[in-house]
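Asks: target00.pdb is reproduced in full below (PDB, N, CA and C atoms and all ligand atoms).
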```pdb
ATOM      1  N   MET A  20     -15.387  53.088 -13.297
ATOM      2  CA  MET A  20     -16.288  53.919 -14.091
ATOM      3  C   MET A  20     -16.776  55.088 -13.246
ATOM      4  N   ARG A  21     -16.677  56.261 -13.827
ATOM      5  CA  ARG A  21     -17.069  57.464 -13.100
ATOM      6  C   ARG A  21     -18.406  57.982 -13.647
ATOM      7  N   ILE A  22     -19.346  58.193 -12.763
ATOM      8  CA  ILE A  22     -20.706  58.547 -13.171
ATOM      9  C   ILE A  22     -21.112  59.891 -12.574
ATOM     10  N   LEU A  23     -21.765  60.720 -13.405
ATOM     11  CA  LEU A  23     -22.352  61.959 -12.904
ATOM     12  C   LEU A  23     -23.861  61.778 -12.828
ATOM     13  N   LEU A  24     -24.388  61.919 -11.637
ATOM     14  CA  LEU A  24     -25.825  61.834 -11.403
ATOM     15  C   LEU A  24     -26.382  63.245 -11.292
ATOM     16  N   VAL A  25     -27.392  63.544 -12.116
ATOM     17  CA  VAL A  25     -28.037  64.861 -12.083
ATOM     18  C   VAL A  25     -29.484  64.639 -11.653
ATOM     19  N   GLU A  26     -29.779  64.963 -10.415
ATOM     20  CA  GLU A  26     -31.096  64.659  -9.824
ATOM     21  C   GLU A  26     -31.382  65.675  -8.723
ATOM     22  N   ASP A  27     -32.539  66.333  -8.797
ATOM     23  CA  ASP A  27     -32.849  67.355  -7.798
ATOM     24  C   ASP A  27     -33.567  66.796  -6.573
ATOM     25  N   ASP A  28     -34.165  65.630  -6.694
ATOM     26  CA  ASP A  28     -34.912  65.062  -5.569
ATOM     27  C   ASP A  28     -33.942  64.379  -4.599
ATOM     28  N   ALA A  29     -33.942  64.853  -3.342
ATOM     29  CA  ALA A  29     -32.961  64.373  -2.356
ATOM     30  C   ALA A  29     -33.097  62.869  -2.111
ATOM     31  N   MET A  30     -34.333  62.404  -1.959
ATOM     32  CA  MET A  30     -34.524  60.990  -1.629
ATOM     33  C   MET A  30     -34.079  60.090  -2.793
ATOM     34  N   ILE A  31     -34.477  60.469  -3.999
ATOM     35  CA  ILE A  31     -34.096  59.670  -5.175
ATOM     36  C   ILE A  31     -32.581  59.734  -5.395
ATOM     37  N   GLY A  32     -32.022  60.934  -5.269
ATOM     38  CA  GLY A  32     -30.590  61.108  -5.473
ATOM     39  C   GLY A  32     -29.767  60.291  -4.483
ATOM     40  N   GLU A  33     -30.167  60.336  -3.212
ATOM     41  CA  GLU A  33     -29.432  59.561  -2.196
ATOM     42  C   GLU A  33     -29.523  58.070  -2.492
ATOM     43  N   ALA A  34     -30.712  57.620  -2.900
ATOM     44  CA  ALA A  34     -30.907  56.183  -3.181
ATOM     45  C   ALA A  34     -30.041  55.743  -4.368
ATOM     46  N   ILE A  35     -30.047  56.539  -5.432
ATOM     47  CA  ILE A  35     -29.278  56.151  -6.620
ATOM     48  C   ILE A  35     -27.782  56.221  -6.343
ATOM     49  N   GLN A  36     -27.346  57.324  -5.713
ATOM     50  CA  GLN A  36     -25.911  57.448  -5.423
ATOM     51  C   GLN A  36     -25.456  56.323  -4.495
ATOM     52  N   GLY A  37     -26.268  55.999  -3.501
ATOM     53  CA  GLY A  37     -25.920  54.915  -2.578
ATOM     54  C   GLY A  37     -25.812  53.582  -3.304
ATOM     55  N   ALA A  38     -26.761  53.319  -4.194
ATOM     56  CA  ALA A  38     -26.741  52.053  -4.941
ATOM     57  C   ALA A  38     -25.520  51.984  -5.845
ATOM     58  N   LEU A  39     -25.167  53.108  -6.475
ATOM     59  CA  LEU A  39     -23.994  53.121  -7.352
ATOM     60  C   LEU A  39     -22.723  52.888  -6.547
ATOM     61  N   LYS A  40     -22.627  53.540  -5.401
ATOM     62  CA  LYS A  40     -21.430  53.364  -4.567
ATOM     63  C   LYS A  40     -21.338  51.939  -4.039
ATOM     64  N   ASN A  41     -22.479  51.361  -3.680
ATOM     65  CA  ASN A  41     -22.482  49.965  -3.218
ATOM     66  C   ASN A  41     -22.009  49.017  -4.322
ATOM     67  N   ALA A  42     -22.233  49.422  -5.560
ATOM     68  CA  ALA A  42     -21.798  48.611  -6.698
ATOM     69  C   ALA A  42     -20.395  49.012  -7.160
ATOM     70  N   SER A  43     -19.701  49.801  -6.323
ATOM     71  CA  SER A  43     -18.302  50.191  -6.558
ATOM     72  C   SER A  43     -18.102  51.179  -7.705
ATOM     73  N   TYR A  44     -19.142  51.947  -8.022
ATOM     74  CA  TYR A  44     -18.982  53.014  -9.007
ATOM     75  C   TYR A  44     -18.671  54.319  -8.270
ATOM     76  N   ALA A  45     -17.839  55.140  -8.892
ATOM     77  CA  ALA A  45     -17.589  56.473  -8.352
ATOM     78  C   ALA A  45     -18.686  57.382  -8.906
ATOM     79  N   ALA A  46     -19.529  57.870  -8.033
ATOM     80  CA  ALA A  46     -20.678  58.657  -8.486
ATOM     81  C   ALA A  46     -20.687  60.028  -7.828
ATOM     82  N   ASP A  47     -20.626  61.076  -8.665
ATOM     83  CA  ASP A  47     -20.805  62.434  -8.175
ATOM     84  C   ASP A  47     -22.260  62.827  -8.414
ATOM     85  N   TRP A  48     -22.806  63.583  -7.493
ATOM     86  CA  TRP A  48     -24.222  63.943  -7.575
ATOM     87  C   TRP A  48     -24.356  65.457  -7.568
ATOM     88  N   VAL A  49     -24.997  65.990  -8.608
ATOM     89  CA  VAL A  49     -25.325  67.418  -8.638
ATOM     90  C   VAL A  49     -26.841  67.557  -8.756
ATOM     91  N   LYS A  50     -27.345  68.702  -8.282
ATOM     92  CA  LYS A  50     -28.800  68.822  -8.115
ATOM     93  C   LYS A  50     -29.476  69.807  -9.060
ATOM     94  N   ASN A  51     -28.721  70.399  -9.979
ATOM     95  CA  ASN A  51     -29.376  71.251 -10.978
ATOM     96  C   ASN A  51     -28.578  71.226 -12.281
ATOM     97  N   GLY A  52     -29.232  71.697 -13.331
ATOM     98  CA  GLY A  52     -28.655  71.595 -14.663
ATOM     99  C   GLY A  52     -27.425  72.448 -14.865
ATOM    100  N   GLN A  53     -27.421  73.652 -14.331
ATOM    101  CA  GLN A  53     -26.274  74.533 -14.536
ATOM    102  C   GLN A  53     -25.028  73.931 -13.902
ATOM    103  N   THR A  54     -25.171  73.371 -12.707
ATOM    104  CA  THR A  54     -24.024  72.730 -12.054
ATOM    105  C   THR A  54     -23.563  71.516 -12.852
ATOM    106  N   ALA A  55     -24.512  70.806 -13.442
ATOM    107  CA  ALA A  55     -24.142  69.655 -14.277
ATOM    108  C   ALA A  55     -23.285  70.104 -15.459
ATOM    109  N   LEU A  56     -23.702  71.182 -16.123
ATOM    110  CA  LEU A  56     -22.946  71.667 -17.283
ATOM    111  C   LEU A  56     -21.549  72.130 -16.872
ATOM    112  N   THR A  57     -21.464  72.858 -15.779
ATOM    113  CA  THR A  57     -20.167  73.333 -15.292
ATOM    114  C   THR A  57     -19.265  72.146 -14.934
ATOM    115  N   THR A  58     -19.833  71.168 -14.252
ATOM    116  CA  THR A  58     -19.057  70.000 -13.835
ATOM    117  C   THR A  58     -18.542  69.226 -15.047
ATOM    118  N   LEU A  59     -19.382  69.100 -16.071
ATOM    119  CA  LEU A  59     -18.976  68.354 -17.266
ATOM    120  C   LEU A  59     -17.894  69.082 -18.059
ATOM    121  N   GLU A  60     -17.815  70.401 -17.895
ATOM    122  CA  GLU A  60     -16.754  71.139 -18.576
ATOM    123  C   GLU A  60     -15.408  70.922 -17.904
ATOM    124  N   CYS A  61     -15.455  70.611 -16.608
ATOM    125  CA  CYS A  61     -14.208  70.503 -15.833
ATOM    126  C   CYS A  61     -13.720  69.073 -15.665
ATOM    127  N   GLN A  62     -14.616  68.107 -15.742
ATOM    128  CA  GLN A  62     -14.232  66.743 -15.399
ATOM    129  C   GLN A  62     -14.767  65.753 -16.419
ATOM    130  N   HIS A  63     -14.042  64.639 -16.538
ATOM    131  CA  HIS A  63     -14.465  63.574 -17.447
ATOM    132  C   HIS A  63     -15.343  62.562 -16.704
ATOM    133  N   TYR A  64     -16.422  62.185 -17.342
ATOM    134  CA  TYR A  64     -17.279  61.121 -16.807
ATOM    135  C   TYR A  64     -17.486  60.065 -17.876
ATOM    136  N   ASP A  65     -17.712  58.837 -17.427
ATOM    137  CA  ASP A  65     -17.974  57.738 -18.347
ATOM    138  C   ASP A  65     -19.464  57.597 -18.647
ATOM    139  N   LEU A  66     -20.279  58.201 -17.783
ATOM    140  CA  LEU A  66     -21.733  58.096 -17.944
ATOM    141  C   LEU A  66     -22.408  59.234 -17.178
ATOM    142  N   VAL A  67     -23.479  59.763 -17.788
ATOM    143  CA  VAL A  67     -24.319  60.744 -17.092
ATOM    144  C   VAL A  67     -25.710  60.153 -16.939
ATOM    145  N   LEU A  68     -26.238  60.227 -15.722
ATOM    146  CA  LEU A  68     -27.631  59.862 -15.453
ATOM    147  C   LEU A  68     -28.372  61.167 -15.230
ATOM    148  N   LEU A  69     -29.306  61.489 -16.108
ATOM    149  CA  LEU A  69     -29.915  62.820 -16.122
ATOM    150  C   LEU A  69     -31.418  62.775 -15.876
ATOM    151  N   ASP A  70     -31.839  63.457 -14.826
ATOM    152  CA  ASP A  70     -33.261  63.675 -14.562
ATOM    153  C   ASP A  70     -33.746  64.763 -15.518
ATOM    154  N   LEU A  71     -35.030  64.743 -15.865
ATOM    155  CA  LEU A  71     -35.565  65.790 -16.741
ATOM    156  C   LEU A  71     -36.122  66.968 -15.947
ATOM    157  N   GLY A  72     -36.835  66.681 -14.881
ATOM    158  CA  GLY A  72     -37.443  67.744 -14.071
ATOM    159  C   GLY A  72     -36.421  68.318 -13.114
ATOM    160  N   LEU A  73     -35.773  69.395 -13.540
ATOM    161  CA  LEU A  73     -34.720  70.017 -12.721
ATOM    162  C   LEU A  73     -35.043  71.493 -12.532
ATOM    163  N   PRO A  74     -34.618  72.088 -11.412
ATOM    164  CA  PRO A  74     -34.826  73.516 -11.231
ATOM    165  C   PRO A  74     -33.908  74.309 -12.166
ATOM    166  N   GLY A  75     -34.369  75.462 -12.637
ATOM    167  CA  GLY A  75     -33.552  76.264 -13.559
ATOM    168  C   GLY A  75     -33.573  75.631 -14.928
ATOM    169  N   LYS A  76     -32.430  75.154 -15.384
ATOM    170  CA  LYS A  76     -32.355  74.498 -16.691
ATOM    171  C   LYS A  76     -32.998  73.119 -16.627
ATOM    172  N   ASP A  77     -33.997  72.897 -17.467
ATOM    173  CA  ASP A  77     -34.651  71.597 -17.587
ATOM    174  C   ASP A  77     -33.657  70.561 -18.135
ATOM    175  N   GLY A  78     -33.914  69.291 -17.824
ATOM    176  CA  GLY A  78     -33.007  68.237 -18.259
ATOM    177  C   GLY A  78     -32.807  68.186 -19.767
ATOM    178  N   LEU A  79     -33.870  68.418 -20.525
ATOM    179  CA  LEU A  79     -33.723  68.385 -21.984
ATOM    180  C   LEU A  79     -32.819  69.517 -22.473
ATOM    181  N   GLU A  80     -32.914  70.668 -21.821
ATOM    182  CA  GLU A  80     -32.049  71.804 -22.174
ATOM    183  C   GLU A  80     -30.592  71.471 -21.829
ATOM    184  N   VAL A  81     -30.416  70.810 -20.706
ATOM    185  CA  VAL A  81     -29.067  70.380 -20.318
ATOM    186  C   VAL A  81     -28.515  69.409 -21.355
ATOM    187  N   LEU A  82     -29.339  68.456 -21.751
ATOM    188  CA  LEU A  82     -28.930  67.455 -22.746
ATOM    189  C   LEU A  82     -28.519  68.113 -24.066
ATOM    190  N   THR A  83     -29.371  68.993 -24.579
ATOM    191  CA  THR A  83     -29.052  69.601 -25.878
ATOM    192  C   THR A  83     -27.820  70.499 -25.774
ATOM    193  N   THR A  84     -27.617  71.122 -24.629
ATOM    194  CA  THR A  84     -26.414  71.950 -24.437
ATOM    195  C   THR A  84     -25.160  71.080 -24.425
ATOM    196  N   ILE A  85     -25.232  69.946 -23.740
ATOM    197  CA  ILE A  85     -24.086  69.022 -23.697
ATOM    198  C   ILE A  85     -23.716  68.586 -25.117
ATOM    199  N   ARG A  86     -24.714  68.195 -25.892
ATOM    200  CA  ARG A  86     -24.443  67.711 -27.250
ATOM    201  C   ARG A  86     -23.994  68.850 -28.165
ATOM    202  N   ALA A  87     -24.574  70.048 -27.992
ATOM    203  CA  ALA A  87     -24.186  71.187 -28.831
ATOM    204  C   ALA A  87     -22.717  71.555 -28.620
ATOM    205  N   LYS A  88     -22.198  71.256 -27.414
ATOM    206  CA  LYS A  88     -20.792  71.538 -27.133
ATOM    207  C   LYS A  88     -19.879  70.434 -27.638
ATOM    208  N   GLY A  89     -20.476  69.421 -28.287
ATOM    209  CA  GLY A  89     -19.667  68.347 -28.855
ATOM    210  C   GLY A  89     -19.287  67.268 -27.858
ATOM    211  N   ASN A  90     -19.905  67.288 -26.675
ATOM    212  CA  ASN A  90     -19.613  66.270 -25.660
ATOM    213  C   ASN A  90     -20.494  65.042 -25.933
ATOM    214  N   SER A  91     -19.832  63.909 -26.234
ATOM    215  CA  SER A  91     -20.581  62.702 -26.585
ATOM    216  C   SER A  91     -20.615  61.688 -25.445
ATOM    217  N   VAL A  92     -20.473  62.164 -24.215
ATOM    218  CA  VAL A  92     -20.524  61.269 -23.057
ATOM    219  C   VAL A  92     -21.815  60.436 -23.107
ATOM    220  N   PRO A  93     -21.713  59.119 -22.855
ATOM    221  CA  PRO A  93     -22.937  58.314 -22.786
ATOM    222  C   PRO A  93     -23.901  58.885 -21.744
ATOM    223  N   LEU A  94     -25.163  59.006 -22.115
ATOM    224  CA  LEU A  94     -26.123  59.685 -21.237
ATOM    225  C   LEU A  94     -27.453  58.948 -21.229
ATOM    226  N   LEU A  95     -27.885  58.605 -20.038
ATOM    227  CA  LEU A  95     -29.187  57.963 -19.856
ATOM    228  C   LEU A  95     -30.111  58.922 -19.132
ATOM    229  N   ILE A  96     -31.315  59.079 -19.634
ATOM    230  CA  ILE A  96     -32.306  59.905 -18.956
ATOM    231  C   ILE A  96     -33.016  59.049 -17.918
ATOM    232  N   ILE A  97     -33.096  59.560 -16.705
ATOM    233  CA  ILE A  97     -33.839  58.878 -15.640
ATOM    234  C   ILE A  97     -34.966  59.817 -15.226
ATOM    235  N   THR A  98     -36.181  59.423 -15.456
ATOM    236  CA  THR A  98     -37.291  60.327 -15.190
ATOM    237  C   THR A  98     -38.581  59.562 -14.971
ATOM    238  N   ALA A  99     -39.513  60.202 -14.293
ATOM    239  CA  ALA A  99     -40.846  59.621 -14.126
ATOM    240  C   ALA A  99     -41.698  59.880 -15.360
ATOM    241  N   ARG A 100     -41.232  60.772 -16.236
ATOM    242  CA  ARG A 100     -41.998  61.073 -17.448
ATOM    243  C   ARG A 100     -41.878  59.904 -18.410
ATOM    244  N   ASP A 101     -42.980  59.223 -18.666
ATOM    245  CA  ASP A 101     -42.891  58.060 -19.548
ATOM    246  C   ASP A 101     -43.730  58.224 -20.810
ATOM    247  N   ASP A 102     -44.164  59.451 -21.056
ATOM    248  CA  ASP A 102     -44.927  59.732 -22.265
ATOM    249  C   ASP A 102     -44.042  59.496 -23.506
ATOM    250  N   LEU A 103     -44.630  58.951 -24.558
ATOM    251  CA  LEU A 103     -43.863  58.657 -25.767
ATOM    252  C   LEU A 103     -43.168  59.909 -26.305
ATOM    253  N   ASN A 104     -43.872  61.036 -26.288
ATOM    254  CA  ASN A 104     -43.268  62.275 -26.803
ATOM    255  C   ASN A 104     -42.045  62.682 -25.992
ATOM    256  N   ASP A 105     -42.120  62.492 -24.666
ATOM    257  CA  ASP A 105     -40.955  62.808 -23.823
ATOM    258  C   ASP A 105     -39.793  61.904 -24.173
ATOM    259  N   ARG A 106     -40.096  60.625 -24.408
ATOM    260  CA  ARG A 106     -39.027  59.683 -24.763
ATOM    261  C   ARG A 106     -38.389  60.068 -26.090
ATOM    262  N   LEU A 107     -39.242  60.427 -27.053
ATOM    263  CA  LEU A 107     -38.711  60.807 -28.362
ATOM    264  C   LEU A 107     -37.894  62.089 -28.278
ATOM    265  N   ARG A 108     -38.372  63.053 -27.486
ATOM    266  CA  ARG A 108     -37.611  64.300 -27.337
ATOM    267  C   ARG A 108     -36.229  64.029 -26.736
ATOM    268  N   GLY A 109     -36.189  63.112 -25.769
ATOM    269  CA  GLY A 109     -34.909  62.775 -25.164
ATOM    270  C   GLY A 109     -33.954  62.129 -26.156
ATOM    271  N   LEU A 110     -34.476  61.177 -26.915
ATOM    272  CA  LEU A 110     -33.615  60.491 -27.883
ATOM    273  C   LEU A 110     -33.202  61.435 -29.002
ATOM    274  N   ASP A 111     -34.162  62.259 -29.474
ATOM    275  CA  ASP A 111     -33.830  63.232 -30.518
ATOM    276  C   ASP A 111     -32.815  64.255 -30.013
ATOM    277  N   GLY A 112     -32.849  64.526 -28.716
ATOM    278  CA  GLY A 112     -31.924  65.497 -28.132
ATOM    279  C   GLY A 112     -30.521  64.951 -27.942
ATOM    280  N   GLY A 113     -30.362  63.646 -28.155
ATOM    281  CA  GLY A 113     -29.014  63.080 -28.076
ATOM    282  C   GLY A 113     -28.787  62.122 -26.922
ATOM    283  N   ALA A 114     -29.864  61.756 -26.211
ATOM    284  CA  ALA A 114     -29.694  60.760 -25.133
ATOM    285  C   ALA A 114     -29.421  59.404 -25.740
ATOM    286  N   ASP A 115     -28.698  58.553 -25.027
ATOM    287  CA  ASP A 115     -28.439  57.192 -25.503
ATOM    288  C   ASP A 115     -29.584  56.257 -25.142
ATOM    289  N   ASP A 116     -30.324  56.580 -24.101
ATOM    290  CA  ASP A 116     -31.543  55.830 -23.761
ATOM    291  C   ASP A 116     -32.296  56.585 -22.689
TER
HETATM  292 MG    MG B 201     -36.583  66.047 -10.687
END
```
What does the file become when written as structure tokens?

Replies:
Amino acid sequence: MRILLVEDDAMIGEAIQGALKNASYAADWVKNGQTALTTLECQHYDLVLLDLGLPGKDGLEVLTTIRAKGNSVPLLIITARDDLNDRLRGLDGGADD
């Protein structure tokens, strides 16, 4: 399974990528939304792990752009934002969880 991790925080990104690799997943890590969109146009992934707080394009903007392009890759939002409205915006935007 090939996973794209979109996370701008170095410590969190290293921890998640390390854990995924230890579990034998192939995980690519990008640190901003624009790079995530470009990468998804060029390569196939089985899962995207998407942070919301990203420099430049916010995670929700990245999510809606991915879905607007017809890309239905399974996508999980990983974020410290746990407000109900944030959760609903993510799900309404096309996140799987
Ligand atoms: Mg962040």

Asks: Tell me which residues the PyMOL selection byres (((chain A and resi 64-78 and name CA) around 7) and not hetatm and name CA) grabs here, as a PyMOL selection string.

Replies: chain A and resi 20-27+51-53+62-63+79-82+92-98

Asks: Grab the atom CA of Gly32 of chain A to atom CA of Leu56 of chain A distance for me, in Å with one decimal place.

Replies: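 Distance reported for this atom pair: 17.6 Å.
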
Asks: Where in segment 22-114 of chain A does DSSP assign strand (DSSP E), given as JSON, numbers by chain?

Replies: {"A": [22, 23, 24, 25, 45, 46, 47, 48, 49, 66, 67, 68, 69, 94, 95, 96]}

Asks: Distance atom C of Asp111 of chain A-atom CA of Thr83 of chain A, one decimal place?

Replies: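 So the answer is 7.7 Å.
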
Asks: Quick one: pull the distance between atom N of Ala55 of chain A and atom N of Ile85 of chain A, Å, one decimal.

Replies: 10.4 Å

Asks: Need to verify the contact set: Gln36 of chain A, 7 Å, all atoms listed in the file, exclusion of same-chain residues closer than 5 positions in sequence. Can you return it as number ranges by chain?

Replies: A: 31, 41, 46

Asks: Pick the closest to ligand MG 201 (chain B) from A:Ala45, A:Ala99, A:Ala87, A:Cys61: which is it, counting only C-alpha atoms and all ligand atoms?

Replies: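 Among A:Ala45, A:Ala99, A:Ala87, A:Cys61, it is A:Ala99 that comes nearest to ligand MG 201 (chain B).
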